[in-house]
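*Asks:* Data: final-v5.cif, mmCIF, C-alpha atoms.
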data_coords
#
loop_
_atom_site.label_atom_id
_atom_site.label_comp_id
_atom_site.auth_asym_id
_atom_site.auth_seq_id
_atom_site.Cartn_x
_atom_site.Cartn_y
_atom_site.Cartn_z
CA MET A 1 110.64 70.66 122.31
CA THR A 2 112.09 73.71 124.03
CA GLN A 3 114.54 75.44 121.73
CA VAL A 4 116.67 78.57 122.01
CA PRO A 5 119.32 79.66 119.48
CA HIS A 6 122.83 78.91 120.74
CA ALA A 7 124.59 81.89 119.16
CA ALA A 8 125.34 84.87 121.41
CA THR A 9 122.56 87.34 120.63
CA ARG A 10 119.86 89.39 122.30
CA THR A 11 116.96 87.04 122.89
CA VAL A 12 113.35 88.03 123.42
CA ILE A 13 110.76 85.44 124.46
CA VAL A 14 107.39 86.07 122.84
CA ARG A 15 104.09 84.50 123.88
CA LEU A 16 101.99 84.27 120.74
CA ARG A 17 98.23 84.65 120.69
CA ASN A 18 95.97 81.61 120.40
CA PHE A 19 94.42 82.23 116.98
CA VAL A 20 95.89 81.81 113.52
CA GLY A 21 94.84 85.26 112.32
CA ASP A 22 96.39 86.99 115.33
CA VAL A 23 99.69 85.12 114.95
CA VAL A 24 99.81 86.10 111.28
CA LEU A 25 99.05 89.75 112.09
CA GLY A 26 101.80 89.72 114.71
CA MET A 27 104.50 88.70 112.23
CA PRO A 28 105.54 92.25 111.21
CA ALA A 29 106.18 93.00 114.89
CA LEU A 30 108.44 89.94 115.12
CA HIS A 31 110.35 91.00 112.00
CA LEU A 32 110.77 94.47 113.52
CA LEU A 33 112.36 92.93 116.61
CA GLU A 34 114.80 91.06 114.36
CA GLN A 35 115.69 94.24 112.48
CA HIS A 36 116.71 95.79 115.79
CA GLY A 37 119.01 92.95 116.78
CA TYR A 38 116.72 90.64 118.70
CA THR A 39 116.19 86.93 118.16
CA PRO A 40 112.55 86.03 118.89
CA VAL A 41 111.94 82.76 120.72
CA LEU A 42 108.26 81.99 120.29
CA VAL A 43 105.78 80.06 122.42
CA GLY A 44 102.39 79.22 120.91
CA LYS A 45 99.73 76.68 120.10
CA GLY A 46 100.43 73.26 118.61
CA TRP A 47 99.87 74.45 115.04
CA ALA A 48 102.33 77.36 115.34
CA PRO A 49 105.52 75.44 114.36
CA ALA A 50 103.99 74.33 111.04
CA LEU A 51 102.57 77.80 110.39
CA LEU A 52 105.97 79.43 110.91
CA GLU A 53 108.17 76.63 109.55
CA GLY A 54 109.46 78.80 106.72
CA GLN A 55 110.67 81.52 109.10
CA ALA A 56 114.01 81.43 110.89
CA TRP A 57 112.46 81.38 114.34
CA SER A 58 112.46 78.97 117.24
CA VAL A 59 108.82 78.00 117.87
CA ASN A 60 107.92 76.11 121.03
CA VAL A 61 104.57 74.41 121.63
CA LEU A 62 102.86 75.88 124.68
CA ALA A 63 102.66 73.47 127.60
CA LYS A 64 99.32 72.67 129.24
CA GLY A 65 98.47 74.29 132.57
CA THR A 66 99.84 77.33 134.38
CA ARG A 67 102.48 75.43 136.37
CA ALA A 68 103.81 73.60 133.31
CA ARG A 69 103.86 76.78 131.24
CA ALA A 70 105.77 78.67 133.92
CA ALA A 71 108.31 75.82 134.05
CA GLN A 72 108.60 75.87 130.26
CA LEU A 73 109.23 79.62 130.23
CA ARG A 74 111.72 79.25 133.08
CA ALA A 75 113.66 76.70 131.03
CA LEU A 76 113.67 79.07 128.05
CA ARG A 77 114.94 81.81 130.34
CA VAL A 78 117.83 79.66 131.58
CA GLN A 79 118.83 78.74 128.03
CA ALA A 80 118.59 82.36 126.89
CA GLN A 81 120.90 83.44 129.73
CA ALA A 82 123.55 81.02 128.49
CA GLY A 83 123.78 82.73 125.11
CA ASP A 84 122.82 86.25 126.15
CA PRO A 85 124.56 87.50 129.34
CA SER A 86 122.45 90.68 129.39
CA PHE A 87 119.17 88.78 129.23
CA ASP A 88 118.11 89.21 132.88
CA THR A 89 119.25 92.84 133.09
CA ARG A 90 116.69 94.22 130.63
CA LEU A 91 113.17 93.78 129.36
CA ASN A 92 113.24 90.34 127.80
CA ALA A 93 109.73 89.13 126.92
CA LEU A 94 106.56 90.20 125.09
CA VAL A 95 103.07 89.02 125.98
CA LEU A 96 100.86 89.39 122.91
CA PRO A 97 97.73 87.82 124.49
CA TRP A 98 95.64 90.04 126.72
CA SER A 99 94.81 87.40 129.33
CA PHE A 100 95.76 87.58 132.99
CA GLY A 101 97.14 84.03 132.87
CA SER A 102 99.67 84.76 130.12
CA ALA A 103 101.17 87.58 132.19
CA LEU A 104 101.12 85.46 135.36
CA GLU A 105 103.10 82.69 133.66
CA MET A 106 105.78 85.18 132.61
CA ARG A 107 106.08 86.51 136.16
CA LEU A 108 106.27 83.01 137.67
CA ALA A 109 109.11 82.24 135.24
CA GLY A 110 111.04 85.32 136.40
CA LEU A 111 110.83 87.06 133.04
CA ARG A 112 110.72 90.83 132.64
CA ALA A 113 107.78 91.01 130.28
CA VAL A 114 105.90 93.85 128.61
CA GLY A 115 102.32 93.95 127.40
CA TYR A 116 99.04 95.83 127.45
CA ARG A 117 97.18 96.54 130.68
CA HIS A 118 94.14 94.35 131.10
CA GLU A 119 92.59 92.48 134.02
CA ALA A 120 95.14 93.86 136.54
CA ARG A 121 98.05 92.55 134.43
CA SER A 122 100.11 95.67 135.17
CA LEU A 123 100.89 94.12 138.58
CA LEU A 124 102.62 91.22 136.83
CA LEU A 125 104.34 92.95 133.91
CA SER A 126 107.61 94.86 134.14
CA ARG A 127 106.28 97.47 131.73
CA SER A 128 102.70 97.93 130.56
CA TRP A 129 100.63 100.38 128.57
CA PRO A 130 96.90 101.07 128.27
CA MET A 131 94.96 98.95 125.85
CA PRO A 132 95.10 100.67 122.45
CA ALA A 133 92.24 102.71 121.13
CA GLN A 134 90.22 101.27 118.26
CA SER A 135 92.76 100.37 115.57
CA HIS A 136 93.70 97.46 113.40
CA ALA A 137 94.99 94.41 115.27
CA LEU A 138 98.26 94.40 113.31
CA LEU A 139 98.93 97.94 114.50
CA ASN A 140 98.37 96.90 118.11
CA TYR A 141 101.09 94.24 117.90
CA TRP A 142 103.34 96.57 115.90
CA ASP A 143 102.92 99.30 118.52
CA LEU A 144 103.81 96.91 121.35
CA ALA A 145 107.04 95.91 119.60
CA CYS A 146 107.92 99.58 119.09
CA ARG A 147 107.32 100.31 122.77
CA PHE A 148 109.50 97.34 123.75
CA LEU A 149 112.27 98.67 121.50
CA GLY A 150 111.80 102.26 122.68
CA ILE A 151 111.49 103.66 119.17
CA GLU A 152 109.18 106.03 117.34
CA ARG A 153 106.61 103.97 115.50
CA PRO A 154 107.46 103.66 111.78
CA LEU A 155 104.93 102.65 109.16
CA PRO A 156 104.34 98.90 109.15
CA PRO A 157 105.11 96.98 105.94
CA THR A 158 102.58 96.77 103.14
CA GLU A 159 102.87 92.98 103.06
CA ILE A 160 103.21 90.49 105.91
CA GLY A 161 105.58 88.28 103.91
CA LEU A 162 104.87 84.80 105.24
CA THR A 163 106.63 82.14 103.15
CA PRO A 164 105.92 78.41 103.53
CA SER A 165 109.04 76.24 103.78
CA LEU A 166 110.38 74.59 100.63
CA ALA A 167 109.29 71.22 102.00
CA GLN A 168 105.75 72.52 102.51
CA GLN A 169 105.67 73.96 99.00
CA GLU A 170 106.84 70.65 97.56
CA LEU A 171 104.17 68.75 99.50
CA ALA A 172 101.51 71.10 98.15
CA GLU A 173 102.70 70.51 94.57
CA GLN A 174 102.71 66.75 95.08
CA LEU A 175 99.20 66.87 96.52
CA LEU A 176 97.86 68.77 93.52
CA ALA A 177 99.56 66.40 91.11
CA ARG A 178 98.20 63.37 92.95
CA HIS A 179 94.65 64.71 92.53
CA GLY A 180 95.15 65.77 88.93
CA VAL A 181 94.82 69.50 89.59
CA HIS A 182 96.75 71.14 86.77
CA GLU A 183 94.46 74.06 85.90
CA PRO A 184 94.00 77.26 87.93
CA TYR A 185 91.77 76.80 90.95
CA VAL A 186 89.81 78.84 93.47
CA LEU A 187 90.39 77.83 97.08
CA ILE A 188 87.44 78.48 99.39
CA CYS A 189 87.73 79.03 103.16
CA PRO A 190 84.11 78.71 104.32
CA PHE A 191 84.61 77.91 108.01
CA ALA A 192 84.67 80.63 110.66
CA ALA A 193 84.80 80.00 114.38
CA GLY A 194 83.07 82.29 116.84
CA ASP A 195 80.97 85.40 116.47
CA PHE A 196 81.49 89.14 116.16
CA ASP A 197 79.28 91.21 118.44
CA ALA A 198 77.12 88.09 118.93
CA LEU A 199 76.60 87.78 115.15
CA SER A 200 77.90 84.93 113.03
CA LYS A 201 81.02 85.60 110.95
CA THR A 202 80.14 82.79 108.52
CA TRP A 203 78.85 83.97 105.14
CA PRO A 204 75.48 82.18 104.88
CA TYR A 205 75.56 81.91 101.07
CA PHE A 206 78.88 80.11 100.74
CA ALA A 207 77.30 76.79 99.65
CA GLU A 208 75.23 78.56 97.01
CA PHE A 209 78.32 80.41 95.80
CA ALA A 210 80.20 77.12 95.43
CA ARG A 211 77.36 75.62 93.42
CA LEU A 212 77.17 78.66 91.08
CA ALA A 213 80.96 78.86 90.71
CA ALA A 214 81.24 75.17 89.80
CA ALA A 215 78.44 75.58 87.27
CA ARG A 216 80.48 78.38 85.66
CA GLY A 217 83.42 75.99 85.30
CA LEU A 218 85.60 77.16 88.19
CA ARG A 219 87.74 74.48 89.81
CA LEU A 220 87.19 74.64 93.57
CA LEU A 221 89.32 73.36 96.44
CA VAL A 222 88.50 73.28 100.15
CA CYS A 223 90.82 72.31 103.01
CA PRO A 224 88.71 71.39 106.06
CA GLY A 225 90.32 71.30 109.46
CA PRO A 226 89.68 68.75 112.22
CA GLY A 227 85.95 68.20 112.64
CA GLU A 228 85.07 70.07 109.45
CA GLU A 229 85.39 67.16 107.00
CA LEU A 230 81.74 66.06 107.03
CA VAL A 231 80.46 69.62 106.68
CA ALA A 232 82.78 70.15 103.72
CA ALA A 233 81.50 66.98 102.04
CA GLU A 234 77.85 67.84 102.65
CA ARG A 235 77.85 71.55 101.84
CA PHE A 236 80.59 71.73 99.19
CA PRO A 237 80.43 68.52 97.12
CA GLN A 238 81.59 70.47 94.06
CA ALA A 239 84.97 71.19 95.67
CA LEU A 240 87.96 68.87 95.89
CA SER A 241 88.36 68.32 99.63
CA LEU A 242 91.91 68.10 100.99
CA PRO A 243 91.59 67.53 104.75
CA GLY A 244 94.25 67.07 107.40
CA LEU A 245 96.82 69.55 106.11
CA ASN A 246 99.14 71.45 108.38
CA LEU A 247 98.94 75.23 108.10
CA GLY A 248 102.16 75.54 106.11
CA VAL A 249 100.98 73.22 103.34
CA TYR A 250 97.59 74.95 103.43
CA ALA A 251 99.36 78.30 102.96
CA ALA A 252 101.36 76.89 100.04
CA LEU A 253 98.12 75.82 98.33
CA GLN A 254 96.67 79.29 98.91
CA ARG A 255 99.78 80.92 97.48
CA ARG A 256 99.40 78.89 94.28
CA ALA A 257 95.64 79.51 93.90
CA ALA A 258 94.23 81.80 91.24
CA LEU A 259 92.04 83.24 93.99
CA VAL A 260 91.11 82.52 97.61
CA VAL A 261 87.55 83.31 98.75
CA SER A 262 87.14 83.47 102.51
CA ASN A 263 85.01 84.42 105.52
CA ASP A 264 86.46 86.31 108.46
CA THR A 265 88.66 83.42 109.55
CA GLY A 266 92.31 82.61 110.26
CA PRO A 267 92.91 81.02 106.83
CA GLY A 268 91.80 84.29 105.22
CA HIS A 269 94.56 86.15 107.07
CA LEU A 270 96.92 83.33 106.14
CA ALA A 271 96.10 83.76 102.44
CA ALA A 272 96.80 87.49 102.61
CA ALA A 273 100.04 86.86 104.49
CA VAL A 274 101.46 84.62 101.73
CA GLY A 275 100.49 87.14 99.06
CA ALA A 276 97.59 85.18 97.56
CA ARG A 277 94.85 87.01 95.72
CA LEU A 278 92.10 87.09 98.32
CA LEU A 279 88.42 87.99 98.24
CA SER A 280 87.35 88.50 101.86
CA VAL A 281 83.57 88.37 102.38
CA LEU A 282 82.66 90.12 105.64
CA GLY A 283 79.41 90.76 107.47
CA PRO A 284 79.48 92.08 111.06
CA THR A 285 83.29 92.10 111.21
CA GLU A 286 84.72 95.63 111.17
CA PRO A 287 87.36 95.72 108.39
CA GLU A 288 89.18 98.68 109.90
CA HIS A 289 90.06 96.42 112.84
CA TRP A 290 90.18 92.91 111.41
CA ALA A 291 90.42 92.94 107.61
CA PRO A 292 93.21 90.81 106.12
CA TRP A 293 96.38 92.82 105.54
CA GLY A 294 97.95 93.09 102.10
CA SER A 295 97.85 94.77 98.70
CA ARG A 296 96.21 91.78 96.95
CA VAL A 297 93.18 91.70 99.24
CA ASP A 298 89.68 92.61 98.03
CA VAL A 299 87.08 93.16 100.78
CA MET A 300 83.33 92.81 100.21
CA ARG A 301 81.52 93.88 103.32
CA GLN A 302 77.83 94.54 103.81
CA HIS A 303 76.28 95.09 107.22
CA PRO A 304 73.57 94.62 108.21
CA GLY A 305 73.06 91.65 105.94
CA TRP A 306 75.43 90.00 103.51
CA TRP A 307 76.35 90.15 99.83
CA THR A 308 74.53 87.53 97.79
CA ALA A 309 76.18 84.50 96.19
CA GLN A 310 75.69 85.98 92.72
CA GLN A 311 77.26 89.31 93.73
CA VAL A 312 80.32 87.58 95.16
CA LEU A 313 80.57 85.34 92.09
CA SER A 314 80.52 88.41 89.85
CA ARG A 315 83.36 89.95 91.84
CA THR A 316 85.22 86.62 91.78
CA GLU A 317 85.03 86.48 87.99
CA ALA A 318 86.15 90.11 87.73
CA LEU A 319 89.20 89.45 89.89
CA LEU A 320 90.07 86.31 87.92
CA ALA A 321 89.84 88.40 84.76
CA GLY A 322 92.40 90.84 86.15
CA ALA A 323 90.40 93.54 87.94
CA PRO A 324 92.52 95.31 90.57
CA PRO A 325 91.66 94.53 94.21
CA SER A 326 90.05 97.18 96.36
CA GLY A 327 92.60 96.61 99.14
CA GLY A 328 92.34 95.10 102.60
CA ALA A 329 93.45 96.73 105.83
CA TRP A 330 96.36 98.38 104.02
CA PRO A 331 96.34 101.27 103.17
CA HIS A 332 92.91 102.19 104.55
CA CYS A 333 93.93 102.18 108.21
CA MET A 334 97.11 104.20 107.73
CA GLN A 335 95.43 107.35 108.99
CA GLU A 336 95.54 105.63 112.38
CA VAL A 337 99.34 105.37 112.37
CA MET A 338 100.79 108.09 114.52
CA PRO A 339 104.21 108.00 116.23
CA SER A 340 103.82 106.25 119.57
CA GLY A 341 106.72 108.09 121.16
CA ALA A 342 109.94 106.49 122.31
CA GLU A 343 109.56 104.93 125.72
CA PRO A 344 112.38 105.05 128.27
CA ARG A 345 113.93 101.65 128.85
#
Take the structure from the file and write it as structure tokens.

*Replies:*
Amino acid sequence: MTQVPHAATRTVIVRLRNFVGDVVLGMPALHLLEQHGYTPVLVGKGWAPALLEGQAWSVNVLAKGTRARAAQLRALRVQAQAGDPSFDTRLNALVLPWSFGSALEMRLAGLRAVGYRHEARSLLLSRSWPMPAQSHALLNYWDLACRFLGIERPLPPTEIGLTPSLAQQELAEQLLARHGVHEPYVLICPFAAGDFDALSKTWPYFAEFARLAAARGLRLLVCPGPGEELVAAERFPQALSLPGLNLGVYAALQRRAALVVSNDTGPGHLAAAVGARLLSVLGPTEPEHWAPWGSRVDVMRQHPGWWTAQQVLSRTEALLAGAPPSGGAWPHCMQEVMPSGAEPR
């Protein structure tokens, strides 16, 4: 459903990116907009409402096809005008994706959108800037929000601060009780879509790790998504499989876990965002650009090659015993944070 807050306020329509990790990493930018008096109205994939259910944001499911999406954005624009008389007189939308189509849909809807230049998008955007130099993805979204606001770029927060809704937390507790999970558990996130520089992001020793961890007495959980159920059953028979969960309930289970062990995948970023203790096992992925963000993140990266199952198990046991994490993206990428300069509005 198309939703816009009814109270008189400054509204900004935000097109979210299409991947869980990117939406999570964009959350600090959305909070920054709120802190400066804007009410974000979000448009994203079908899983976005459940992911962001615990936040006080309107989240609309992106329509299918350019014409339908432009009509959807046009309807959001009309509703925003009703509660925000200044809406059409200023910059009023952010395009977080880098695609040409996402900028085209904003222009067809009559929105005054800002975003990064890419694929001739500057012809469609009301304000655009060059694609950022190599930096962490969270900083890219943070920088775009600062440019929209016309402010010097402050330091981003140490934590993303995603909180599942109370209903999602209750469902997670009920699910654990139903399956008799009362002891601490390790939640594994072994699925990773896509490649990085044509190399697989999936840790090849995850199944061996699960076998060794179960043999050491660790209780394992896995939450396969659509199409991953059979792989979970075949490769991780030692783990309690909880398929079919929405992302908010998944996040609540991660938040309660003693530790989350993950590939480079959206659920890894989700775990960091809810403040779970996370061990992120990376191969070709460059942590300075894509590591999960948070103070409770421990990154094990080896490239070329991968850490072995036994090496990751040793680190897992150390973290469970109370060893401090090495840190994720924060604070290692803070040397990249320089004031962006206030932009004229």

*Asks:* Nearest to Phe206 (chain A) among A:Asn263, A:Ala258, A:Ala120, A:Val14, with distances taken over only C-alpha atoms: which residue is it?

*Replies:* A:Asn263

*Asks:* Name the residues that the PyMOL selection byres ((chain A and resi 54) around 6) pulls out of this structure, and write them as a list in words.

*Replies:*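 So the PyMOL selection byres ((chain A and resi 54) around 6), applied here, picks out Leu52, Glu53, Gln55, Thr163, Pro164 and Ser165 of chain A.
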
*Asks:* Using the chain letters and numbering of this document, enumerate as a list in words the residues selected by the PyMOL selection byres ((chain A and resi 159) around 8).

*Replies:* Pro157, Thr158, Ile160, Gly161, Ala273, Gly275, Trp293, Gly294 and Ser295 of chain A

*Asks:* Mind pulling up the distance from CA of Asp197 (chain A) to CA of Val260 (chain A)?

*Replies:*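 Computing the Euclidean distance for CA of Val260 (chain A) and CA of Asp197 (chain A) yields 25.5 Å.
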
*Asks:* Which of these residues is nearest to Leu253 (chain A), using all atoms listed in the file: A:Glu229, A:Glu170, A:Glu208, A:Glu286?

*Replies:*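 The answer is A:Glu170, which sits nearest to Leu253 (chain A).
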
*Asks:* Could you tell me how far CA of Val249 (chain A) lies from CA of Leu171 (chain A), in Å and to one decimal?

*Replies:*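 Taking CA of Val249 (chain A) as the start and CA of Leu171 (chain A) as the end point, the length is 6.7 Å.
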
*Asks:* Nearest to Phe191 (chain A): which of A:Leu155, A:Leu242, A:Leu278, A:Val231 is it, counting all atoms listed in the file?

*Replies:*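 Of A:Leu155, A:Leu242, A:Leu278, A:Val231, the one nearest Phe191 (chain A) is A:Val231, counting all atoms listed in the file.
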
*Asks:* Given the file shown, enumerate the residues that the PyMOL selection byres ((chain A and resi 102) around 12) captures and present them as number ranges by chain.

*Replies:* A: 14-18, 43-44, 62-63, 65-67, 69-70, 73, 93-101, 103-109, 111, 113-116, 118-119, 121, 124-125

*Asks:* Nearest to Gly21 (chain A): which of A:Asp264, A:Asp143, A:Glu288, A:Asp298 is it, counting all atoms listed in the file?

*Replies:* A:Asp264
